[in-house]
Amino acid sequence: MAADLKSSLRDSSAAVLKEICEIGKAKVTVLTVEDPKKGISDEEAEVGFAIQSLLSKIKHEFDTVKSDDVEMAISRYADMNDIDMIVTIPRKEGWISRIFHPSVSKKLAQHEYRPLLALAQ
């Protein structure tokens, strides 16, 4: 997953995000919503390293919150930290998985009032 993320975002989506940050003099906060019962998996840690490498030329920081409701945690974090825009990287999943596990990006798009940018993988 981490290698897929790095190779697929390296050119197009990372460039778009970099340009937005340069124009708006913005800082990116990479938020990890950790399930309090599970912690962070090895795969999620690998993705974090891939994101660190992708954002090497963009002003950024990492933060973590614990919650079993990802959408609510993101919205609450954005409220508390005066976040202007939310950027998501929707995961590529099969149709069966999408039926039983609705996309966080889709939920945010339906309920969040802030601008939402979904970067394609």
# chains A, B, ... in the order shown; residues from 1 in each chain; ligands from 1
>>> residues_around(residues="Thr88 in chain A", least_positions_apart="3", cutoff="12 Å", atoms="only C-alpha atoms", output="list in words")
Ser13, Ala14, Leu17, Val28, Thr29, Val30, Leu31, Thr32, Glu71, Ile74, Met85, Arg91, Ser103, Val104, Ser105, Lys106, Lys107, Leu108, Ala109, Pro115, Leu116, Leu117, Ala118, Leu119, Ala120 and Gln121 of chain A
>>> atom_distance(atom1="CA of Ile86 in chain A", atom2="CA of Glu112 in chain A")
9.1 Å
>>> closest_residue(among="A:Val87, A:Met80, A:Met72, A:Ile40", to="Lys27 in chain A", atoms="only C-alpha atoms")
A:Val87
>>> select_by_dssp(residues="range 8-71 of chain A", states="helix (DSSP H, G or I)", output="ChimeraX atom specification")
/A:8-9,12-24,42-54,70-71
>>> closest_residue(among="A:Gln110, A:Lys25, A:Ala50, A:Glu34", to="Lys66 in chain A", atoms="only C-alpha atoms")
A:Glu34
>>> select_by_dssp(residues="range 27-92 of chain A", states="strand (DSSP E or B)", output="number ranges by chain")
A: 28-34, 60-66, 86-88
>>> atom_distance(atom1="CA of Asp35 in chain A", atom2="CA of Pro90 in chain A")
18.1 Å
>>> residues_around(residues="Lys38 in chain A", least_positions_apart="6", cutoff="12 Å", atoms="only C-alpha atoms", output="PyMOL selection string")
chain A and resi 44+66-68
>>> write_last_selection(atoms="C-alpha atoms", output="compact mmCIF listing (two decimals), in the first residue's frame")
# COMPACT_ATOMS: atom_id res chain seq x y z
CA GLU A 44 -0.64 2.64 8.38
CA LYS A 66 -7.97 8.59 18.93
CA SER A 67 -11.53 7.88 17.89
CA ASP A 68 -13.67 5.08 16.52
>>> closest_residue(among="A:Gln52, A:Ala15, A:Arg114, A:Glu43", to="Asp84 in chain A", atoms="only C-alpha atoms")
A:Arg114
